[in-house]
>>> print(open('protein18.cif').read())   # mmCIF, C-alpha atoms and all ligand atoms
data_data
loop_
_atom_site.label_atom_id
_atom_site.label_comp_id
_atom_site.auth_asym_id
_atom_site.auth_seq_id
_atom_site.Cartn_x
_atom_site.Cartn_y
_atom_site.Cartn_z
CA MET A 6 0.00 0.00 0.00
CA SER A 7 1.47 3.36 -0.95
CA VAL A 8 1.71 6.24 1.54
CA LYS A 9 -0.62 9.19 0.93
CA LYS A 10 1.12 12.20 -0.49
CA ILE A 11 -0.07 15.67 0.55
CA SER A 12 -0.11 18.11 -2.35
CA GLU A 13 2.53 20.83 -2.14
CA THR A 14 0.18 23.14 -4.00
CA GLN A 15 -2.93 23.94 -2.00
CA PRO A 16 -5.85 26.29 -2.70
CA GLU A 17 -6.23 29.01 -0.04
CA SER A 18 -9.88 28.28 0.55
CA PHE A 19 -12.66 25.84 -0.20
CA LYS A 20 -16.43 25.96 -0.05
CA PHE A 21 -19.20 23.80 -1.37
CA SER A 22 -21.00 24.74 -4.56
CA SER A 23 -24.62 25.82 -4.10
CA GLU A 24 -25.74 22.32 -5.15
CA ASN A 25 -23.36 20.49 -2.83
CA ILE A 26 -24.15 22.65 0.20
CA ILE A 27 -27.78 21.50 -0.11
CA ASP A 28 -26.62 17.86 -0.30
CA ALA A 29 -24.30 18.43 2.68
CA GLU A 30 -27.10 19.97 4.75
CA ASN A 31 -29.36 17.04 3.90
CA GLU A 32 -26.63 14.61 5.03
CA ILE A 33 -26.16 16.52 8.31
CA LYS A 34 -29.92 16.47 8.94
CA LYS A 35 -29.88 12.67 8.99
CA TYR A 36 -28.18 12.73 12.42
CA PRO A 37 -29.05 14.24 15.82
CA LYS A 38 -27.75 17.82 16.28
CA THR A 39 -25.17 16.56 18.80
CA ARG A 40 -23.91 13.90 16.35
CA LYS A 41 -23.14 16.01 13.26
CA ALA A 42 -19.75 14.30 13.00
CA SER A 43 -21.53 11.19 11.72
CA ALA A 44 -21.86 12.95 8.34
CA VAL A 45 -18.10 13.27 7.90
CA LEU A 46 -17.67 10.52 5.30
CA ALA A 47 -20.58 11.78 3.21
CA LEU A 48 -19.24 15.36 3.26
CA LEU A 49 -15.71 14.29 2.36
CA TYR A 50 -17.14 12.30 -0.53
CA LEU A 51 -18.89 15.48 -1.73
CA VAL A 52 -15.65 17.47 -1.42
CA GLN A 53 -13.82 14.96 -3.54
CA LYS A 54 -16.60 14.87 -6.12
CA GLN A 55 -16.50 18.67 -6.39
CA ASN A 56 -12.72 18.98 -6.42
CA GLN A 57 -11.52 16.65 -9.21
CA ASN A 58 -11.20 13.64 -6.93
CA TRP A 59 -8.90 15.05 -4.22
CA ILE A 60 -9.27 16.80 -0.86
CA PRO A 61 -7.27 19.98 -0.17
CA LEU A 62 -6.36 20.90 3.42
CA ALA A 63 -8.66 23.94 3.19
CA ALA A 64 -11.57 21.56 2.58
CA ILE A 65 -10.68 19.57 5.70
CA LYS A 66 -10.89 22.84 7.67
CA TYR A 67 -14.18 23.71 5.97
CA VAL A 68 -15.73 20.32 6.79
CA SER A 69 -14.48 20.45 10.38
CA LYS A 70 -16.22 23.83 10.84
CA LEU A 71 -19.45 22.64 9.23
CA LEU A 72 -19.54 19.57 11.47
CA GLU A 73 -18.12 21.32 14.57
CA MET A 74 -15.36 18.73 14.74
CA PRO A 75 -11.68 19.25 15.57
CA TYR A 76 -9.62 19.61 12.37
CA ILE A 77 -7.38 16.69 13.39
CA LYS A 78 -10.34 14.31 13.61
CA VAL A 79 -11.40 15.05 10.03
CA TYR A 80 -7.76 14.79 8.94
CA GLU A 81 -7.55 11.36 10.61
CA VAL A 82 -10.56 10.17 8.62
CA VAL A 83 -9.10 11.44 5.34
CA THR A 84 -5.76 9.75 5.94
CA PHE A 85 -7.30 6.47 7.12
CA TYR A 86 -9.49 5.64 4.11
CA SER A 87 -7.71 4.84 0.87
CA MET A 88 -10.57 6.27 -1.22
CA PHE A 89 -9.68 9.82 -0.13
CA ASN A 90 -6.84 11.55 -1.95
CA LEU A 91 -4.74 14.36 -0.52
CA SER A 92 -3.13 15.35 -3.79
CA PRO A 93 -4.42 15.75 -7.36
CA VAL A 94 -5.07 12.54 -9.22
CA GLY A 95 -5.63 12.24 -12.92
CA LYS A 96 -8.96 12.58 -14.66
CA TYR A 97 -8.58 8.79 -14.82
CA PHE A 98 -7.54 7.45 -11.42
CA VAL A 99 -6.36 3.84 -11.64
CA GLN A 100 -6.43 1.83 -8.40
CA ILE A 101 -4.82 -1.59 -8.67
CA CYS A 102 -5.68 -4.26 -6.14
CA THR A 103 -2.48 -5.90 -4.93
CA THR A 104 -3.90 -8.07 -2.14
CA THR A 105 -3.00 -11.79 -2.25
CA PRO A 106 -5.64 -13.25 -4.66
CA CYS A 107 -4.97 -10.52 -7.22
CA MET A 108 -1.22 -10.67 -6.61
CA ILE A 109 -0.98 -14.41 -7.33
CA ARG A 110 -3.02 -13.90 -10.52
CA GLY A 111 -0.74 -11.19 -11.98
CA ALA A 112 -1.34 -7.85 -10.20
CA LYS A 113 2.39 -7.13 -10.29
CA ASP A 114 2.31 -7.15 -14.12
CA ILE A 115 -0.48 -4.56 -13.97
CA VAL A 116 1.52 -2.36 -11.61
CA ASP A 117 4.53 -2.66 -13.94
CA ILE A 118 2.43 -1.61 -16.95
CA CYS A 119 1.20 1.46 -15.04
CA LYS A 120 4.78 2.33 -14.09
CA ILE A 121 5.85 2.14 -17.72
CA HIS A 122 2.89 3.88 -19.36
CA ILE A 123 1.45 6.24 -16.72
CA SER A 124 4.17 7.29 -14.28
CA GLU A 125 7.15 5.80 -12.54
CA ASN A 126 5.69 6.35 -9.07
CA PRO A 127 2.23 5.93 -7.57
CA ASN A 128 0.20 9.13 -7.12
CA GLN A 129 2.20 10.87 -9.83
CA LEU A 130 0.42 12.28 -12.87
CA SER A 131 1.16 11.00 -16.38
CA ASN A 132 3.00 13.40 -18.67
CA ASN A 133 -0.28 14.51 -20.26
CA LYS A 134 -1.79 14.91 -16.73
CA LEU A 135 -4.73 12.64 -17.60
CA CYS A 136 -3.89 9.60 -15.45
CA SER A 137 -2.42 8.54 -12.15
CA TRP A 138 -2.31 5.18 -10.41
CA THR A 139 -1.97 3.71 -6.96
CA GLU A 140 -2.05 0.34 -5.20
CA VAL A 141 -4.98 -0.51 -2.93
CA GLU A 142 -6.10 -3.38 -0.73
CA CYS A 143 -8.84 -5.86 -1.72
CA LEU A 144 -11.67 -4.24 -3.67
CA GLY A 145 -13.97 -7.23 -3.19
CA ALA A 146 -13.80 -8.64 -6.73
CA CYS A 147 -11.26 -11.38 -5.95
CA VAL A 148 -13.13 -14.03 -7.96
CA ASN A 149 -12.39 -12.05 -11.12
CA SER A 150 -8.80 -11.20 -10.22
CA PRO A 151 -6.60 -9.53 -11.16
CA MET A 152 -8.57 -6.34 -11.27
CA MET A 153 -8.40 -2.58 -10.99
CA GLN A 154 -10.82 0.26 -10.37
CA ILE A 155 -10.80 3.30 -12.64
CA ASN A 156 -12.82 6.18 -11.21
CA GLN A 157 -16.12 4.46 -10.23
CA ASP A 158 -15.81 1.36 -12.47
CA TYR A 159 -14.22 -2.08 -12.11
CA PHE A 160 -12.08 -3.77 -14.77
CA GLU A 161 -11.68 -7.47 -14.06
CA ASP A 162 -10.01 -10.65 -15.39
CA LEU A 163 -7.13 -8.54 -16.65
CA ASN A 164 -3.99 -9.73 -18.37
CA LYS A 165 -0.99 -7.84 -19.72
CA SER A 166 -2.43 -7.09 -23.16
CA SER A 167 -5.90 -6.07 -21.94
CA THR A 168 -4.33 -3.79 -19.32
CA GLU A 169 -2.06 -2.18 -21.90
CA GLU A 170 -5.05 -1.57 -24.16
CA ILE A 171 -7.06 0.01 -21.32
CA ILE A 172 -4.21 2.30 -20.28
CA SER A 173 -3.54 3.37 -23.84
CA GLN A 174 -7.22 4.34 -24.25
CA LEU A 175 -7.14 6.35 -21.01
CA LEU A 176 -4.04 8.20 -22.16
CA LYS A 177 -5.95 9.13 -25.32
CA ASP A 178 -8.74 10.52 -23.12
CA GLU A 179 -11.11 7.66 -23.95
CA PHE A 180 -12.92 5.65 -21.28
CA PRO A 181 -12.89 1.88 -21.98
CA LYS A 182 -15.84 -0.45 -21.41
CA PRO A 183 -15.74 -1.70 -17.80
CA GLY A 184 -16.41 -5.22 -16.55
CA SER A 185 -14.78 -8.58 -17.15
CA LEU A 186 -12.18 -8.52 -19.91
CA LYS A 187 -12.98 -12.20 -20.50
CA ASN A 188 -16.66 -11.39 -20.99
CA ARG A 189 -17.45 -13.37 -17.87
CA LYS A 190 -21.00 -12.76 -16.66
CA ASN A 191 -20.80 -11.25 -13.15
CA ASN A 192 -18.91 -13.84 -11.05
CA ALA A 193 -20.02 -16.90 -13.00
CA PRO A 194 -17.46 -19.63 -13.80
CA GLU A 195 -15.51 -18.78 -16.96
CA LYS A 196 -16.77 -21.86 -18.81
CA GLY A 197 -20.37 -21.69 -17.61
CA LYS A 198 -22.15 -23.43 -14.75
CA THR A 199 -20.75 -26.65 -13.34
CA THR A 200 -23.23 -27.22 -10.50
CA LEU A 201 -26.99 -26.85 -9.92
CA LEU A 202 -27.43 -27.56 -13.63
CA GLU A 203 -31.00 -28.77 -13.16
CA ASN A 204 -32.02 -25.40 -11.62
CA LYS A 205 -32.53 -22.82 -14.35
CA ASN A 206 -32.55 -19.88 -11.92
CA ALA A 207 -29.46 -20.88 -9.92
S1 LIG B 1 -7.82 -9.50 -3.68
FE1 LIG B 1 -8.09 -8.23 -5.36
S2 LIG B 1 -10.20 -7.81 -5.35
FE2 LIG B 1 -9.90 -9.02 -3.60
#
>>> encode(input="protein18.cif", output="structure tokens")
Amino acid sequence: MSVKKISETQPESFKFSSENIIDAENEIKKYPKTRKASAVLALLYLVQKQNQNWIPLAAIKYVSKLLEMPYIKVYEVVTFYSMFNLSPVGKYFVQICTTTPCMIRGAKDIVDICKIHISENPNQLSNNKLCSWTEVECLGACVNSPMMQINQDYFEDLNKSSTEEIISQLLKDEFPKPGSLKNRKNNAPEKGKTTLLENKNA
């Protein structure tokens, strides 16, 4: 797992757009007035959505004021969860699962392809600034390993050539079709059902 990098360039201030402040207020209303802090994950998600997928320090201050929480507590949440970024990521943010099932099925090859084609180091933008990559822990799609998440979508059953094709499309500012690269249906066996054959709905 790579260590989170804090951006050296930070905006001086942050505030929610008029649309997001309504969403934030609705999230806060879900909890008792003395438990506003319970909305912290939802608000940080909104920050990231508004700010090209990363959270500046000014936004941590902003959220801590909105939720009447100490700054350090919001900071702790941001640094704990791998889905929150503290520095700019590309328009296409590639997260490669390198936990054991993916690793024994070729995740290292995928990391190597990202190093060659996107950037030498994790959390570093590609030359055209469109992509960045990082390693993450299990994303819950182990059956279709190796896999990676790009923005909100999963790409599964990868191999070297399919990964190279996906990365080359991203670098051309094209978003590839997500899902299994072996055309597997959901998590079904690659060669079709082998059990419960008599049950059509199984
Ligand atoms: S180990 Fe990679 S998705 Fe679970």
>>> residues_around(input="protein18.cif", residues="stretch 192-201 of chain A", least_positions_apart="4", cutoff="10 Å", atoms="only C-alpha atoms", output="list of chain:residue names")
A:Ala146, A:Cys147, A:Val148, A:Asn149, A:Asp162, A:Ser185, A:Lys187, A:Asn188, A:Lys205, A:Asn206, A:Ala207
>>> write_last_selection(input="protein18.cif", atoms="C-alpha atoms", output="PDB file, in the frame of the given file")
ATOM      1  CA  ALA A 146     -13.800  -8.640  -6.730  1.00  0.00           C
ATOM      2  CA  CYS A 147     -11.260 -11.380  -5.950  1.00  0.00           C
ATOM      3  CA  VAL A 148     -13.130 -14.030  -7.960  1.00  0.00           C
ATOM      4  CA  ASN A 149     -12.390 -12.050 -11.120  1.00  0.00           C
ATOM      5  CA  ASP A 162     -10.010 -10.650 -15.390  1.00  0.00           C
ATOM      6  CA  SER A 185     -14.780  -8.580 -17.150  1.00  0.00           C
ATOM      7  CA  LYS A 187     -12.980 -12.200 -20.500  1.00  0.00           C
ATOM      8  CA  ASN A 188     -16.660 -11.390 -20.990  1.00  0.00           C
ATOM      9  CA  LYS A 205     -32.530 -22.820 -14.350  1.00  0.00           C
ATOM     10  CA  ASN A 206     -32.550 -19.880 -11.920  1.00  0.00           C
ATOM     11  CA  ALA A 207     -29.460 -20.880  -9.920  1.00  0.00           C
TER      12      ALA A 207
END
>>> residues_near_ligand(input="protein18.cif", ligand="ligand LIG 1 (chain B)", cutoff="10 Å", atoms="all atoms listed in the file", output="VMD selection string")
chain A and resid 101 to 110 112 141 to 154 159 161
>>> atom_distance(input="protein18.cif", atom1="atom CA of A:Pro16", atom2="atom CA of A:Ala44")
23.6 Å
>>> residues_around(input="protein18.cif", residues="A:Ala63", least_positions_apart="3", cutoff="7 Å", atoms="all atoms listed in the file", output="number ranges by chain")
A: 16-19, 66-67
>>> residues_around(input="protein18.cif", residues="A:Leu175", least_positions_apart="6", cutoff="12 Å", atoms="all atoms listed in the file", output="ChimeraX atom specification")
/A:95-99,119,122-123,131,133-138,155-156,168-169,181-182
>>> atom_distance(input="protein18.cif", atom1="atom CA of A:Lys54", atom2="atom CA of A:Ser173")
24.8 Å
>>> decode(input="protein18.cif", residues="stretch 48-83 of chain A", atoms="N, CA, C and O atoms", output="JSON list (two decimals), in the first residue's frame")
[["chain", "number", "residue", "atom", "x", "y", "z"],
["A", 48, "LEU", "N", -19.70, 14.02, 3.66],
["A", 48, "LEU", "CA", -19.24, 15.36, 3.26],
["A", 48, "LEU", "C", -17.88, 15.30, 2.55],
["A", 48, "LEU", "O", -17.65, 16.02, 1.57],
["A", 49, "LEU", "N", -17.01, 14.42, 3.03],
["A", 49, "LEU", "CA", -15.71, 14.29, 2.36],
["A", 49, "LEU", "C", -15.89, 13.73, 0.95],
["A", 49, "LEU", "O", -15.18, 14.12, 0.01],
["A", 50, "TYR", "N", -16.84, 12.84, 0.80],
["A", 50, "TYR", "CA", -17.14, 12.30, -0.53],
["A", 50, "TYR", "C", -17.59, 13.44, -1.46],
["A", 50, "TYR", "O", -17.15, 13.53, -2.60],
["A", 51, "LEU", "N", -18.43, 14.33, -0.92],
["A", 51, "LEU", "CA", -18.89, 15.48, -1.73],
["A", 51, "LEU", "C", -17.73, 16.40, -2.10],
["A", 51, "LEU", "O", -17.67, 16.93, -3.21],
["A", 52, "VAL", "N", -16.81, 16.61, -1.13],
["A", 52, "VAL", "CA", -15.65, 17.47, -1.42],
["A", 52, "VAL", "C", -14.88, 16.90, -2.60],
["A", 52, "VAL", "O", -14.56, 17.59, -3.57],
["A", 53, "GLN", "N", -14.64, 15.58, -2.51],
["A", 53, "GLN", "CA", -13.82, 14.96, -3.54],
["A", 53, "GLN", "C", -14.51, 15.01, -4.91],
["A", 53, "GLN", "O", -13.87, 15.22, -5.93],
["A", 54, "LYS", "N", -15.82, 14.83, -4.87],
["A", 54, "LYS", "CA", -16.60, 14.87, -6.12],
["A", 54, "LYS", "C", -16.50, 16.27, -6.75],
["A", 54, "LYS", "O", -16.37, 16.43, -7.96],
["A", 55, "GLN", "N", -16.53, 17.30, -5.90],
["A", 55, "GLN", "CA", -16.50, 18.67, -6.39],
["A", 55, "GLN", "C", -15.09, 19.08, -6.84],
["A", 55, "GLN", "O", -14.93, 19.92, -7.71],
["A", 56, "ASN", "N", -14.08, 18.48, -6.21],
["A", 56, "ASN", "CA", -12.72, 18.98, -6.42],
["A", 56, "ASN", "C", -11.83, 18.01, -7.21],
["A", 56, "ASN", "O", -10.73, 17.68, -6.76],
["A", 57, "GLN", "N", -12.30, 17.55, -8.33],
["A", 57, "GLN", "CA", -11.52, 16.65, -9.21],
["A", 57, "GLN", "C", -10.85, 15.50, -8.45],
["A", 57, "GLN", "O", -9.68, 15.18, -8.66],
["A", 58, "ASN", "N", -11.63, 14.90, -7.56],
["A", 58, "ASN", "CA", -11.20, 13.64, -6.93],
["A", 58, "ASN", "C", -10.05, 13.77, -5.92],
["A", 58, "ASN", "O", -9.33, 12.80, -5.68],
["A", 59, "TRP", "N", -9.86, 14.97, -5.34],
["A", 59, "TRP", "CA", -8.90, 15.05, -4.22],
["A", 59, "TRP", "C", -9.37, 16.07, -3.20],
["A", 59, "TRP", "O", -10.20, 16.94, -3.48],
["A", 60, "ILE", "N", -8.81, 15.98, -1.98],
["A", 60, "ILE", "CA", -9.27, 16.80, -0.86],
["A", 60, "ILE", "C", -8.16, 17.75, -0.39],
["A", 60, "ILE", "O", -7.16, 17.31, 0.18],
["A", 61, "PRO", "N", -8.28, 19.04, -0.66],
["A", 61, "PRO", "CA", -7.27, 19.98, -0.17],
["A", 61, "PRO", "C", -7.41, 20.21, 1.34],
["A", 61, "PRO", "O", -8.48, 19.97, 1.91],
["A", 62, "LEU", "N", -6.34, 20.68, 1.96],
["A", 62, "LEU", "CA", -6.36, 20.90, 3.42],
["A", 62, "LEU", "C", -7.44, 21.93, 3.79],
["A", 62, "LEU", "O", -8.07, 21.82, 4.83],
["A", 63, "ALA", "N", -7.63, 22.92, 2.91],
["A", 63, "ALA", "CA", -8.66, 23.94, 3.19],
["A", 63, "ALA", "C", -10.04, 23.30, 3.29],
["A", 63, "ALA", "O", -10.90, 23.75, 4.05],
["A", 64, "ALA", "N", -10.26, 22.23, 2.53],
["A", 64, "ALA", "CA", -11.57, 21.56, 2.58],
["A", 64, "ALA", "C", -11.72, 20.78, 3.89],
["A", 64, "ALA", "O", -12.82, 20.64, 4.41],
["A", 65, "ILE", "N", -10.62, 20.28, 4.41],
["A", 65, "ILE", "CA", -10.68, 19.57, 5.70],
["A", 65, "ILE", "C", -11.10, 20.58, 6.78],
["A", 65, "ILE", "O", -11.96, 20.30, 7.62],
["A", 66, "LYS", "N", -10.51, 21.78, 6.71],
["A", 66, "LYS", "CA", -10.89, 22.84, 7.67],
["A", 66, "LYS", "C", -12.37, 23.19, 7.51],
["A", 66, "LYS", "O", -13.10, 23.35, 8.49],
["A", 67, "TYR", "N", -12.79, 23.34, 6.28],
["A", 67, "TYR", "CA", -14.18, 23.71, 5.97],
["A", 67, "TYR", "C", -15.16, 22.67, 6.54],
["A", 67, "TYR", "O", -16.13, 23.02, 7.22],
["A", 68, "VAL", "N", -14.85, 21.39, 6.30],
["A", 68, "VAL", "CA", -15.73, 20.32, 6.79],
["A", 68, "VAL", "C", -15.71, 20.29, 8.32],
["A", 68, "VAL", "O", -16.75, 20.10, 8.97],
["A", 69, "SER", "N", -14.55, 20.50, 8.91],
["A", 69, "SER", "CA", -14.48, 20.45, 10.38],
["A", 69, "SER", "C", -15.33, 21.56, 11.00],
["A", 69, "SER", "O", -16.00, 21.36, 12.00],
["A", 70, "LYS", "N", -15.36, 22.74, 10.32],
["A", 70, "LYS", "CA", -16.22, 23.83, 10.84],
["A", 70, "LYS", "C", -17.69, 23.49, 10.67],
["A", 70, "LYS", "O", -18.49, 23.67, 11.59],
["A", 71, "LEU", "N", -18.04, 22.98, 9.49],
["A", 71, "LEU", "CA", -19.45, 22.64, 9.23],
["A", 71, "LEU", "C", -19.97, 21.62, 10.24],
["A", 71, "LEU", "O", -21.11, 21.68, 10.69],
["A", 72, "LEU", "N", -19.10, 20.67, 10.60],
["A", 72, "LEU", "CA", -19.54, 19.57, 11.47],
["A", 72, "LEU", "C", -19.18, 19.80, 12.94],
["A", 72, "LEU", "O", -19.42, 18.94, 13.79],
["A", 73, "GLU", "N", -18.56, 20.99, 13.20],
["A", 73, "GLU", "CA", -18.12, 21.32, 14.57],
["A", 73, "GLU", "C", -17.25, 20.20, 15.14],
["A", 73, "GLU", "O", -17.45, 19.71, 16.25],
["A", 74, "MET", "N", -16.30, 19.78, 14.33],
["A", 74, "MET", "CA", -15.36, 18.73, 14.74],
["A", 74, "MET", "C", -13.96, 19.32, 14.78],
["A", 74, "MET", "O", -13.65, 20.20, 13.98],
["A", 75, "PRO", "N", -13.06, 18.80, 15.64],
["A", 75, "PRO", "CA", -11.68, 19.25, 15.57],
["A", 75, "PRO", "C", -11.07, 18.89, 14.21],
["A", 75, "PRO", "O", -11.36, 17.81, 13.67],
["A", 76, "TYR", "N", -10.27, 19.81, 13.68],
["A", 76, "TYR", "CA", -9.62, 19.61, 12.37],
["A", 76, "TYR", "C", -8.92, 18.25, 12.31],
["A", 76, "TYR", "O", -9.03, 17.51, 11.35],
["A", 77, "ILE", "N", -8.20, 17.91, 13.40],
["A", 77, "ILE", "CA", -7.38, 16.69, 13.39],
["A", 77, "ILE", "C", -8.24, 15.44, 13.22],
["A", 77, "ILE", "O", -7.83, 14.46, 12.62],
["A", 78, "LYS", "N", -9.46, 15.49, 13.72],
["A", 78, "LYS", "CA", -10.34, 14.31, 13.61],
["A", 78, "LYS", "C", -10.77, 14.10, 12.16],
["A", 78, "LYS", "O", -10.85, 12.96, 11.69],
["A", 79, "VAL", "N", -11.04, 15.19, 11.45],
["A", 79, "VAL", "CA", -11.40, 15.05, 10.03],
["A", 79, "VAL", "C", -10.16, 14.60, 9.25],
["A", 79, "VAL", "O", -10.23, 13.72, 8.39],
["A", 80, "TYR", "N", -9.02, 15.16, 9.60],
["A", 80, "TYR", "CA", -7.76, 14.79, 8.94],
["A", 80, "TYR", "C", -7.49, 13.29, 9.13],
["A", 80, "TYR", "O", -7.06, 12.59, 8.20],
["A", 81, "GLU", "N", -7.76, 12.79, 10.33],
["A", 81, "GLU", "CA", -7.55, 11.36, 10.61],
["A", 81, "GLU", "C", -8.42, 10.49, 9.70],
["A", 81, "GLU", "O", -7.98, 9.47, 9.19],
["A", 82, "VAL", "N", -9.66, 10.93, 9.48],
["A", 82, "VAL", "CA", -10.56, 10.17, 8.62],
["A", 82, "VAL", "C", -10.03, 10.16, 7.18],
["A", 82, "VAL", "O", -9.95, 9.12, 6.52],
["A", 83, "VAL", "N", -9.60, 11.33, 6.72],
["A", 83, "VAL", "CA", -9.10, 11.44, 5.34],
["A", 83, "VAL", "C", -7.87, 10.55, 5.13],
["A", 83, "VAL", "O", -7.73, 9.90, 4.09]]
